[in-house]
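Undergrad: Take a look at model-v2.pdb, PDB, C-alpha atoms:
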MODEL        1
ATOM      1  CA  MET L   1     -16.131  -6.045 -24.887  1.00  0.00           C
ATOM      2  CA  SER L   2     -18.859  -6.156 -27.561  1.00  0.00           C
ATOM      3  CA  THR L   3     -17.907  -4.230 -30.655  1.00  0.00           C
ATOM      4  CA  GLY L   4     -20.288  -3.214 -33.405  1.00  0.00           C
ATOM      5  CA  ASP L   5     -20.003  -0.725 -36.220  1.00  0.00           C
ATOM      6  CA  LEU L   6     -21.510   2.038 -34.083  1.00  0.00           C
ATOM      7  CA  LEU L   7     -20.888   1.388 -30.388  1.00  0.00           C
ATOM      8  CA  SER L   8     -18.504  -0.561 -28.193  1.00  0.00           C
ATOM      9  CA  ILE L   9     -20.115  -1.902 -25.008  1.00  0.00           C
ATOM     10  CA  GLN L  10     -18.253  -2.678 -21.797  1.00  0.00           C
ATOM     11  CA  PRO L  11     -18.979  -5.001 -20.028  1.00  0.00           C
ATOM     12  CA  THR L  12     -21.082  -7.457 -21.994  1.00  0.00           C
ATOM     13  CA  GLU L  13     -22.896  -8.786 -18.891  1.00  0.00           C
ATOM     14  CA  LEU L  14     -24.794  -7.026 -16.134  1.00  0.00           C
ATOM     15  CA  LYS L  15     -23.422  -8.362 -12.847  1.00  0.00           C
ATOM     16  CA  PHE L  16     -25.296  -7.467  -9.668  1.00  0.00           C
ATOM     17  CA  PRO L  17     -24.131  -8.183  -6.094  1.00  0.00           C
ATOM     18  CA  PHE L  18     -27.271  -9.820  -4.701  1.00  0.00           C
ATOM     19  CA  GLU L  19     -28.441  -9.210  -1.156  1.00  0.00           C
ATOM     20  CA  LEU L  20     -32.020  -9.580   0.037  1.00  0.00           C
ATOM     21  CA  LYS L  21     -33.967  -6.362   0.641  1.00  0.00           C
ATOM     22  CA  LYS L  22     -31.181  -4.177  -0.723  1.00  0.00           C
ATOM     23  CA  GLN L  23     -30.734  -2.368  -4.027  1.00  0.00           C
ATOM     24  CA  SER L  24     -27.663  -2.998  -6.142  1.00  0.00           C
ATOM     25  CA  SER L  25     -26.278  -1.383  -9.266  1.00  0.00           C
ATOM     26  CA  CYS L  26     -23.884  -1.929 -12.139  1.00  0.00           C
ATOM     27  CA  SER L  27     -22.729   0.230 -15.038  1.00  0.00           C
ATOM     28  CA  LEU L  28     -22.268   0.070 -18.783  1.00  0.00           C
ATOM     29  CA  GLN L  29     -19.912   2.204 -20.833  1.00  0.00           C
ATOM     30  CA  LEU L  30     -20.921   2.989 -24.408  1.00  0.00           C
ATOM     31  CA  THR L  31     -18.241   4.304 -26.792  1.00  0.00           C
ATOM     32  CA  ASN L  32     -19.076   5.852 -30.144  1.00  0.00           C
ATOM     33  CA  LYS L  33     -16.663   4.459 -32.747  1.00  0.00           C
ATOM     34  CA  THR L  34     -17.878   6.690 -35.583  1.00  0.00           C
ATOM     35  CA  ASP L  35     -17.734  10.343 -36.572  1.00  0.00           C
ATOM     36  CA  LYS L  36     -21.519  10.545 -36.454  1.00  0.00           C
ATOM     37  CA  TYR L  37     -24.131  11.059 -33.784  1.00  0.00           C
ATOM     38  CA  VAL L  38     -25.409   7.729 -32.449  1.00  0.00           C
ATOM     39  CA  ALA L  39     -28.713   7.280 -30.613  1.00  0.00           C
ATOM     40  CA  PHE L  40     -29.202   4.368 -28.210  1.00  0.00           C
ATOM     41  CA  LYS L  41     -32.039   2.861 -26.240  1.00  0.00           C
ATOM     42  CA  VAL L  42     -32.014   0.221 -23.477  1.00  0.00           C
ATOM     43  CA  LYS L  43     -34.884  -2.260 -23.034  1.00  0.00           C
ATOM     44  CA  THR L  44     -35.400  -5.055 -20.481  1.00  0.00           C
ATOM     45  CA  THR L  45     -37.701  -8.021 -20.124  1.00  0.00           C
ATOM     46  CA  ASN L  46     -38.525  -6.958 -16.534  1.00  0.00           C
ATOM     47  CA  PRO L  47     -38.931  -3.142 -16.475  1.00  0.00           C
ATOM     48  CA  LYS L  48     -40.547  -3.086 -13.004  1.00  0.00           C
ATOM     49  CA  LYS L  49     -37.518  -4.726 -11.463  1.00  0.00           C
ATOM     50  CA  TYR L  50     -34.830  -2.479 -12.955  1.00  0.00           C
ATOM     51  CA  CYS L  51     -34.224   1.238 -13.314  1.00  0.00           C
ATOM     52  CA  VAL L  52     -31.994   2.354 -16.210  1.00  0.00           C
ATOM     53  CA  ARG L  53     -30.472   5.853 -16.239  1.00  0.00           C
ATOM     54  CA  PRO L  54     -30.362   7.035 -18.919  1.00  0.00           C
ATOM     55  CA  ASN L  55     -32.471   4.502 -20.775  1.00  0.00           C
ATOM     56  CA  ALA L  56     -31.985   6.451 -24.017  1.00  0.00           C
ATOM     57  CA  GLY L  57     -29.557   9.074 -25.228  1.00  0.00           C
ATOM     58  CA  ILE L  58     -27.141  10.421 -27.823  1.00  0.00           C
ATOM     59  CA  VAL L  59     -23.447   9.487 -27.901  1.00  0.00           C
ATOM     60  CA  LEU L  60     -21.372  12.146 -29.644  1.00  0.00           C
ATOM     61  CA  PRO L  61     -18.696  11.185 -32.191  1.00  0.00           C
ATOM     62  CA  GLY L  62     -15.689   9.561 -30.481  1.00  0.00           C
ATOM     63  CA  SER L  63     -17.121  10.076 -26.995  1.00  0.00           C
ATOM     64  CA  THR L  64     -18.452   7.755 -24.278  1.00  0.00           C
ATOM     65  CA  CYS L  65     -21.625   7.542 -22.227  1.00  0.00           C
ATOM     66  CA  ASP L  66     -22.130   5.758 -18.892  1.00  0.00           C
ATOM     67  CA  VAL L  67     -25.391   3.931 -18.226  1.00  0.00           C
ATOM     68  CA  THR L  68     -26.299   2.860 -14.682  1.00  0.00           C
ATOM     69  CA  VAL L  69     -28.675  -0.059 -14.126  1.00  0.00           C
ATOM     70  CA  THR L  70     -30.189  -0.384 -10.650  1.00  0.00           C
ATOM     71  CA  MET L  71     -31.982  -3.499  -9.445  1.00  0.00           C
ATOM     72  CA  GLN L  72     -34.744  -2.888  -6.930  1.00  0.00           C
ATOM     73  CA  ALA L  73     -34.546  -4.598  -3.524  1.00  0.00           C
ATOM     74  CA  GLN L  74     -35.699  -8.220  -3.749  1.00  0.00           C
ATOM     75  CA  LYS L  75     -37.620 -10.126  -1.086  1.00  0.00           C
ATOM     76  CA  GLU L  76     -36.349 -13.534  -2.179  1.00  0.00           C
ATOM     77  CA  ALA L  77     -33.471 -14.963  -4.190  1.00  0.00           C
ATOM     78  CA  PRO L  78     -34.047 -16.825  -7.458  1.00  0.00           C
ATOM     79  CA  PRO L  79     -33.381 -20.594  -7.470  1.00  0.00           C
ATOM     80  CA  ASP L  80     -29.644 -21.320  -7.607  1.00  0.00           C
ATOM     81  CA  MET L  81     -29.056 -17.565  -8.049  1.00  0.00           C
ATOM     82  CA  GLN L  82     -29.897 -17.933 -11.723  1.00  0.00           C
ATOM     83  CA  CYS L  83     -31.591 -14.931 -13.360  1.00  0.00           C
ATOM     84  CA  LYS L  84     -33.537 -15.144 -16.593  1.00  0.00           C
ATOM     85  CA  ASP L  85     -33.863 -11.387 -17.112  1.00  0.00           C
ATOM     86  CA  LYS L  86     -32.403  -9.943 -20.318  1.00  0.00           C
ATOM     87  CA  PHE L  87     -31.472  -6.515 -21.600  1.00  0.00           C
ATOM     88  CA  LEU L  88     -31.420  -5.255 -25.186  1.00  0.00           C
ATOM     89  CA  LEU L  89     -29.370  -2.260 -26.283  1.00  0.00           C
ATOM     90  CA  GLN L  90     -30.282  -0.751 -29.641  1.00  0.00           C
ATOM     91  CA  SER L  91     -28.210   1.856 -31.479  1.00  0.00           C
ATOM     92  CA  VAL L  92     -28.719   3.778 -34.714  1.00  0.00           C
ATOM     93  CA  VAL L  93     -27.142   6.724 -36.534  1.00  0.00           C
ATOM     94  CA  ALA L  94     -28.909   9.980 -35.660  1.00  0.00           C
ATOM     95  CA  PRO L  95     -28.944  13.339 -37.488  1.00  0.00           C
ATOM     96  CA  ASP L  96     -26.085  15.659 -36.590  1.00  0.00           C
ATOM     97  CA  GLY L  97     -26.886  17.902 -33.656  1.00  0.00           C
ATOM     98  CA  SER L  98     -29.508  15.535 -32.263  1.00  0.00           C
ATOM     99  CA  THR L  99     -30.247  15.544 -28.530  1.00  0.00           C
ATOM    100  CA  THR L 100     -32.029  13.134 -26.236  1.00  0.00           C
ATOM    101  CA  LYS L 101     -35.280  15.041 -26.790  1.00  0.00           C
ATOM    102  CA  ASP L 102     -35.097  14.206 -30.493  1.00  0.00           C
ATOM    103  CA  ILE L 103     -35.128  10.436 -29.885  1.00  0.00           C
ATOM    104  CA  THR L 104     -38.361   8.704 -30.887  1.00  0.00           C
ATOM    105  CA  PRO L 105     -39.373   5.011 -30.901  1.00  0.00           C
ATOM    106  CA  GLU L 106     -39.597   5.146 -34.707  1.00  0.00           C
ATOM    107  CA  MET L 107     -35.830   5.817 -34.916  1.00  0.00           C
ATOM    108  CA  PHE L 108     -35.191   2.177 -33.957  1.00  0.00           C
ATOM    109  CA  ASN L 109     -37.604   0.618 -36.429  1.00  0.00           C
ATOM    110  CA  LYS L 110     -35.894  -1.658 -38.897  1.00  0.00           C
ATOM    111  CA  GLU L 111     -37.236  -0.327 -42.166  1.00  0.00           C
ATOM    112  CA  ASP L 112     -36.144   1.295 -45.392  1.00  0.00           C
ATOM    113  CA  GLY L 113     -32.742  -0.394 -45.177  1.00  0.00           C
ATOM    114  CA  LYS L 114     -31.886   1.460 -41.957  1.00  0.00           C
ATOM    115  CA  VAL L 115     -29.187  -0.227 -39.867  1.00  0.00           C
ATOM    116  CA  VAL L 116     -30.175  -0.794 -36.244  1.00  0.00           C
ATOM    117  CA  GLU L 117     -27.556  -2.560 -34.179  1.00  0.00           C
ATOM    118  CA  GLU L 118     -28.746  -4.701 -31.272  1.00  0.00           C
ATOM    119  CA  PHE L 119     -26.848  -6.239 -28.380  1.00  0.00           C
ATOM    120  CA  LYS L 120     -28.322  -8.632 -25.862  1.00  0.00           C
ATOM    121  CA  LEU L 121     -26.942  -8.530 -22.324  1.00  0.00           C
ATOM    122  CA  ARG L 122     -27.717 -11.185 -19.749  1.00  0.00           C
ATOM    123  CA  VAL L 123     -28.007 -10.632 -16.010  1.00  0.00           C
ATOM    124  CA  ILE L 124     -25.758 -12.410 -13.503  1.00  0.00           C
ATOM    125  CA  TYR L 125     -26.169 -12.429  -9.724  1.00  0.00           C
ATOM    126  CA  PHE L 126     -23.360 -13.085  -7.287  1.00  0.00           C
ATOM    127  CA  PRO L 127     -23.618 -13.184  -3.470  1.00  0.00           C
ATOM    128  CA  ALA L 128     -22.719  -9.968  -1.717  1.00  0.00           C
ATOM    129  CA  ASN L 129     -21.657 -12.009   1.376  1.00  0.00           C
ATOM    130  CA  PRO L 130     -21.692  -9.303   4.044  1.00  0.00           C
ATOM    131  CA  PRO L 131     -19.632 -10.292   7.119  1.00  0.00           C
ATOM    132  CA  SER L 132     -22.050 -11.605   9.769  1.00  0.00           C
ATOM    133  CA  PRO L 133     -21.241 -11.095  13.472  1.00  0.00           C
ATOM    134  CA  VAL L 134     -20.272 -14.238  15.398  1.00  0.00           C
ATOM    135  CA  PRO L 135     -21.230 -14.487  19.118  1.00  0.00           C
ATOM    136  CA  GLU L 136     -18.247 -14.443  21.458  1.00  0.00           C
ATOM    137  CA  GLY L 137     -17.194 -17.824  22.780  1.00  0.00           C
ATOM    138  CA  SER L 138     -19.084 -19.699  20.059  1.00  0.00           C
ATOM    139  CA  ASP L 139     -17.255 -21.384  17.216  1.00  0.00           C
ATOM    140  CA  GLU L 140     -20.218 -23.417  16.015  1.00  0.00           C
ATOM    141  CA  GLY L 141     -21.958 -22.140  12.952  1.00  0.00           C
ATOM    142  CA  SER L 142     -19.035 -19.979  11.919  1.00  0.00           C
ATOM    143  CA  SER L 143     -18.740 -19.638   8.179  1.00  0.00           C
ATOM    144  CA  PRO L 144     -15.377 -20.340   6.497  1.00  0.00           C
ATOM    145  CA  ARG L 145     -15.291 -16.698   5.418  1.00  0.00           C
ATOM    146  CA  ALA L 146     -15.752 -15.492   9.005  1.00  0.00           C
ATOM    147  CA  VAL L 147     -13.017 -17.851  10.192  1.00  0.00           C
ATOM    148  CA  VAL L 148     -10.623 -16.628   7.516  1.00  0.00           C
ATOM    149  CA  GLU L 149     -11.414 -12.990   8.250  1.00  0.00           C
ATOM    150  CA  ASN L 150     -10.897 -13.518  11.980  1.00  0.00           C
ATOM    151  CA  GLY L 151      -7.609 -15.264  11.212  1.00  0.00           C
ATOM    152  CA  ASN L 152      -6.511 -12.367   9.025  1.00  0.00           C
ATOM    153  CA  GLN L 153      -7.446  -9.870  11.743  1.00  0.00           C
ATOM    154  CA  ASN L 154      -5.544 -11.844  14.382  1.00  0.00           C
ATOM    155  CA  SER L 155      -2.549 -12.114  12.069  1.00  0.00           C
ATOM    156  CA  SER L 156      -2.599  -8.362  11.425  1.00  0.00           C
ATOM    157  CA  LEU L 157      -2.845  -7.662  15.156  1.00  0.00           C
ATOM    158  CA  PHE L 158       0.033 -10.051  15.870  1.00  0.00           C
ATOM    159  CA  ASP L 159       2.187  -8.351  13.222  1.00  0.00           C
ATOM    160  CA  ALA L 160       1.424  -4.924  14.675  1.00  0.00           C
ATOM    161  CA  VAL L 161       2.335  -6.046  18.213  1.00  0.00           C
ATOM    162  CA  SER L 162       5.510  -7.714  16.948  1.00  0.00           C
ATOM    163  CA  ARG L 163       6.581  -4.513  15.203  1.00  0.00           C
ATOM    164  CA  SER L 164       5.860  -2.479  18.334  1.00  0.00           C
ATOM    165  CA  LEU L 165       8.009  -4.899  20.385  1.00  0.00           C
ATOM    166  CA  GLU L 166      10.818  -5.079  17.851  1.00  0.00           C
ATOM    167  CA  GLU L 167      11.272  -1.303  17.614  1.00  0.00           C
ATOM    168  CA  PRO L 168      12.146  -0.825  21.334  1.00  0.00           C
ATOM    169  CA  LYS L 169      14.282  -3.953  21.124  1.00  0.00           C
ATOM    170  CA  GLU L 170      16.343  -2.450  18.314  1.00  0.00           C
ATOM    171  CA  LYS L 171      16.689   0.833  20.194  1.00  0.00           C
ATOM    172  CA  SER L 172      17.700  -1.054  23.378  1.00  0.00           C
ATOM    173  CA  SER L 173      20.312  -3.003  21.421  1.00  0.00           C
ATOM    174  CA  GLU L 174      21.821   0.220  20.084  1.00  0.00           C
ATOM    175  CA  ALA L 175      21.910   1.687  23.606  1.00  0.00           C
ATOM    176  CA  TRP L 176      23.663  -1.394  25.023  1.00  0.00           C
ATOM    177  CA  THR L 177      26.223  -1.278  22.217  1.00  0.00           C
ATOM    178  CA  MET L 178      26.992   2.357  23.013  1.00  0.00           C
ATOM    179  CA  ILE L 179      27.249   1.631  26.751  1.00  0.00           C
ATOM    180  CA  SER L 180      29.599  -1.311  26.100  1.00  0.00           C
ATOM    181  CA  LYS L 181      31.822   0.841  23.895  1.00  0.00           C
ATOM    182  CA  LEU L 182      32.019   3.607  26.513  1.00  0.00           C
ATOM    183  CA  THR L 183      32.805   1.044  29.214  1.00  0.00           C
ATOM    184  CA  GLU L 184      35.692  -0.370  27.173  1.00  0.00           C
ATOM    185  CA  GLU L 185      37.099   3.121  26.570  1.00  0.00           C
ATOM    186  CA  LYS L 186      36.833   3.916  30.297  1.00  0.00           C
ATOM    187  CA  THR L 187      38.644   0.688  31.217  1.00  0.00           C
ATOM    188  CA  SER L 188      41.408   1.413  28.700  1.00  0.00           C
ATOM    189  CA  ALA L 189      41.845   4.946  30.073  1.00  0.00           C
ATOM    190  CA  LEU L 190      42.086   3.637  33.633  1.00  0.00           C
ATOM    191  CA  GLN L 191      44.692   1.083  32.593  1.00  0.00           C
ATOM    192  CA  GLN L 192      46.794   3.749  30.863  1.00  0.00           C
ATOM    193  CA  ASN L 193      46.489   6.027  33.909  1.00  0.00           C
ATOM    194  CA  GLN L 194      47.644   3.196  36.189  1.00  0.00           C
ATOM    195  CA  LYS L 195      50.592   2.471  33.897  1.00  0.00           C
ATOM    196  CA  LEU L 196      51.661   6.143  33.938  1.00  0.00           C
ATOM    197  CA  ARG L 197      51.480   6.175  37.728  1.00  0.00           C
ATOM    198  CA  GLN L 198      53.725   3.099  37.912  1.00  0.00           C
ATOM    199  CA  GLU L 199      56.282   4.680  35.589  1.00  0.00           C
ATOM    200  CA  LEU L 200      56.209   7.910  37.625  1.00  0.00           C
ATOM    201  CA  GLU L 201      56.764   5.925  40.802  1.00  0.00           C
ATOM    202  CA  LEU L 202      59.812   4.217  39.241  1.00  0.00           C
ATOM    203  CA  VAL L 203      61.282   7.601  38.277  1.00  0.00           C
ATOM    204  CA  ARG L 204      60.774   8.861  41.807  1.00  0.00           C
ATOM    205  CA  LYS L 205      62.533   5.790  43.242  1.00  0.00           C
ATOM    206  CA  GLU L 206      65.473   6.285  40.891  1.00  0.00           C
ATOM    207  CA  ILE L 207      65.812   9.909  42.021  1.00  0.00           C
ATOM    208  CA  SER L 208      65.604   8.865  45.656  1.00  0.00           C
ATOM    209  CA  ARG L 209      68.363   6.281  45.182  1.00  0.00           C
ATOM    210  CA  SER L 210      70.557   8.899  43.497  1.00  0.00           C
ATOM    211  CA  ARG L 211      70.104  11.296  46.392  1.00  0.00           C
ATOM    212  CA  GLY L 212      70.781   8.531  48.951  1.00  0.00           C
ATOM    213  CA  GLY L 213      74.211   7.834  47.355  1.00  0.00           C
ATOM    214  CA  GLY L 214      75.348  11.395  48.012  1.00  0.00           C
ATOM    215  CA  PHE L 215      74.819  12.707  44.562  1.00  0.00           C
ATOM    216  CA  SER L 216      72.187  15.220  43.797  1.00  0.00           C
ATOM    217  CA  LEU L 217      70.441  15.481  40.472  1.00  0.00           C
ATOM    218  CA  LEU L 218      71.900  18.955  39.972  1.00  0.00           C
ATOM    219  CA  PHE L 219      75.407  17.630  40.549  1.00  0.00           C
ATOM    220  CA  VAL L 220      74.947  14.929  37.965  1.00  0.00           C
ATOM    221  CA  VAL L 221      73.782  17.474  35.416  1.00  0.00           C
ATOM    222  CA  LEU L 222      76.697  19.829  36.122  1.00  0.00           C
ATOM    223  CA  PHE L 223      79.163  16.979  35.947  1.00  0.00           C
ATOM    224  CA  GLY L 224      77.799  15.934  32.575  1.00  0.00           C
ATOM    225  CA  LEU L 225      78.095  19.495  31.203  1.00  0.00           C
ATOM    226  CA  LEU L 226      81.691  19.740  32.495  1.00  0.00           C
ATOM    227  CA  GLY L 227      82.569  16.503  30.756  1.00  0.00           C
ATOM    228  CA  ILE L 228      81.212  17.822  27.479  1.00  0.00           C
ATOM    229  CA  LEU L 229      83.219  21.061  27.767  1.00  0.00           C
ATOM    230  CA  VAL L 230      86.464  19.195  28.612  1.00  0.00           C
ATOM    231  CA  GLY L 231      86.001  16.950  25.660  1.00  0.00           C
ATOM    232  CA  PHE L 232      85.430  19.957  23.425  1.00  0.00           C
ATOM    233  CA  PHE L 233      88.626  21.690  24.510  1.00  0.00           C
ATOM    234  CA  VAL L 234      90.662  18.481  24.215  1.00  0.00           C
ATOM    235  CA  LYS L 235      89.572  18.161  20.584  1.00  0.00           C
ATOM    236  CA  LYS L 236      90.582  21.818  19.962  1.00  0.00           C
ATOM    237  CA  THR L 237      94.112  21.246  21.202  1.00  0.00           C
TER     238      THR L 237
ENDMDL
END
Here is a file; write its structure as structure tokens.

TA:
Amino acid sequence: MSTGDLLSIQPTELKFPFELKKQSSCSLQLTNKTDKYVAFKVKTTNPKKYCVRPNAGIVLPGSTCDVTVTMQAQKEAPPDMQCKDKFLLQSVVAPDGSTTKDITPEMFNKEDGKVVEEFKLRVIYFPANPPSPVPEGSDEGSSPRAVVENGNQNSSLFDAVSRSLEEPKEKSSEAWTMISKLTEEKTSALQQNQKLRQELELVRKEISRSRGGGFSLLFVVLFGLLGILVGFFVKKT
């Protein structure tokens, strides 16, 4: 950031993404650091090549102003992408209540001890590098950028497919766990049922043996009750 007594300028360089036969733009932000009205004006060494909006204006106290610089479409690139164009931003204190209509070229004349701040901004080009289509089945002539982008796309597609396969796998695993648990509970219930049947069969055999010996179950019960009563009366006497 360039900082003067009147304005702060961000950024300090005009950087344009360069692509043949296409316009490109960049922006400047001017911030008024004072409690006064500040007038500014933007000049360039190549006015036919660039369009500045606004190229002059008033920045109110403590406020900001955005300036957009547009480079016209170029038919050829400069050698080594080096640009010699320059911009000059001038700023000066203006009377309170001034508007853009009140700005005159004489306001920026350095005379009578008037302070006119000036900032020089250089122009930098950098390749826009749009992705160029590569014919199918041909790897020759592929740029490193295209290869990397294709690799990233393939990697993203692989990740998406892997996630889609893993989700059903997780659900299938949960289903198998539930089925296994239910199977174990069913087996346990069958085993307990079989054990109860065996015990019932033993009880039935015991009853059958008792009946075969000439004693009925009712007789055994009555005999037991009689024994209890006899014992009770014996204790009484």

Undergrad: For this structure, which residues satisfy the selection - the PyMOL selection byres ((chain L and resi 28) around 6) - when it is evaluated on the file as given? I want them as a compact mmCIF listing (two decimals) with C-alpha atoms, in the coordinates of the input.

TA:
# COMPACT_ATOMS: atom_id res chain seq x y z
CA GLN L 10 -18.25 -2.68 -21.80
CA SER L 27 -22.73 0.23 -15.04
CA GLN L 29 -19.91 2.20 -20.83
CA ASP L 66 -22.13 5.76 -18.89
CA VAL L 67 -25.39 3.93 -18.23

Undergrad: To one decimal place, how far is atom CA of L:Gln90 from atom CA of L:Phe40 in Å?

TA: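 So the two atoms, atom CA of L:Gln90 and atom CA of L:Phe40, lie 5.4 Å apart.
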
Undergrad: Which residues fall under the PyMOL selection byres ((chain L and resi 76-82) around 10) in this file, as a PyMOL selection string?

TA: chain L and resi 18-21+73-75+83-85+123-127

Undergrad: From the list L:Gly62, L:Asn129, L:Gln191, L:Lys86, which residue is nearest L:Tyr50 when using only C-alpha atoms?

TA: L:Lys86

Undergrad: Show me, as lines of an AutoDock Vina configuration file, the centre and edge lengths in Å to one decimal of the axis-aligned box that covers every listed atom of stretch 74-80 of chain L with 4 Å on each side.

TA:
center_x = -33.6
center_y = -14.8
center_z = -4.3
size_x = 16.0
size_y = 21.1
size_z = 14.5

Undergrad: Let me make sure I understand: among L:Leu121, L:Ser91, L:Ile9, L:Glu206, which one has the smallest atom-to-atom distance to L:Asn109 if we use all atoms listed in the file?

TA: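 Counting all atoms listed in the file, the residue closest to L:Asn109 is L:Ser91.
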
Undergrad: Hey, what comes out of the PyMOL selection byres ((chain L and resi 36-39) around 8) on this file? Could you write it as a PyMOL selection string?

TA: chain L and resi 6+32+34-35+40-41+56-61+91-98+103

Undergrad: With distances taken over all atoms listed in the file, which residue among L:Lys186, L:Leu88, L:Thr12, L:Leu7 lies nearest L:Asn46?

TA: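 Once distances to L:Asn46 are computed over all atoms listed in the file, the minimum belongs to L:Leu88.
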
Undergrad: Nearest residue to L:Glu13 out of L:Val115, L:Arg122, L:Lys49, L:Thr68, using only C-alpha atoms?

TA: L:Arg122

Undergrad: Rounded to one decimal, what separation in Å do you get between atom CA of L:Met107 and atom CA of L:Leu14?

TA: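 Going from atom CA of L:Met107 over to atom CA of L:Leu14 covers 25.3 Å.
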
Undergrad: Kindly give the distance, in Å, that separates atom CA of L:Cys51 and atom CA of L:Cys26, rounded to a single decimal.

TA: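 One can read the atom CA of L:Cys51 to atom CA of L:Cys26 distance as 10.9 Å.
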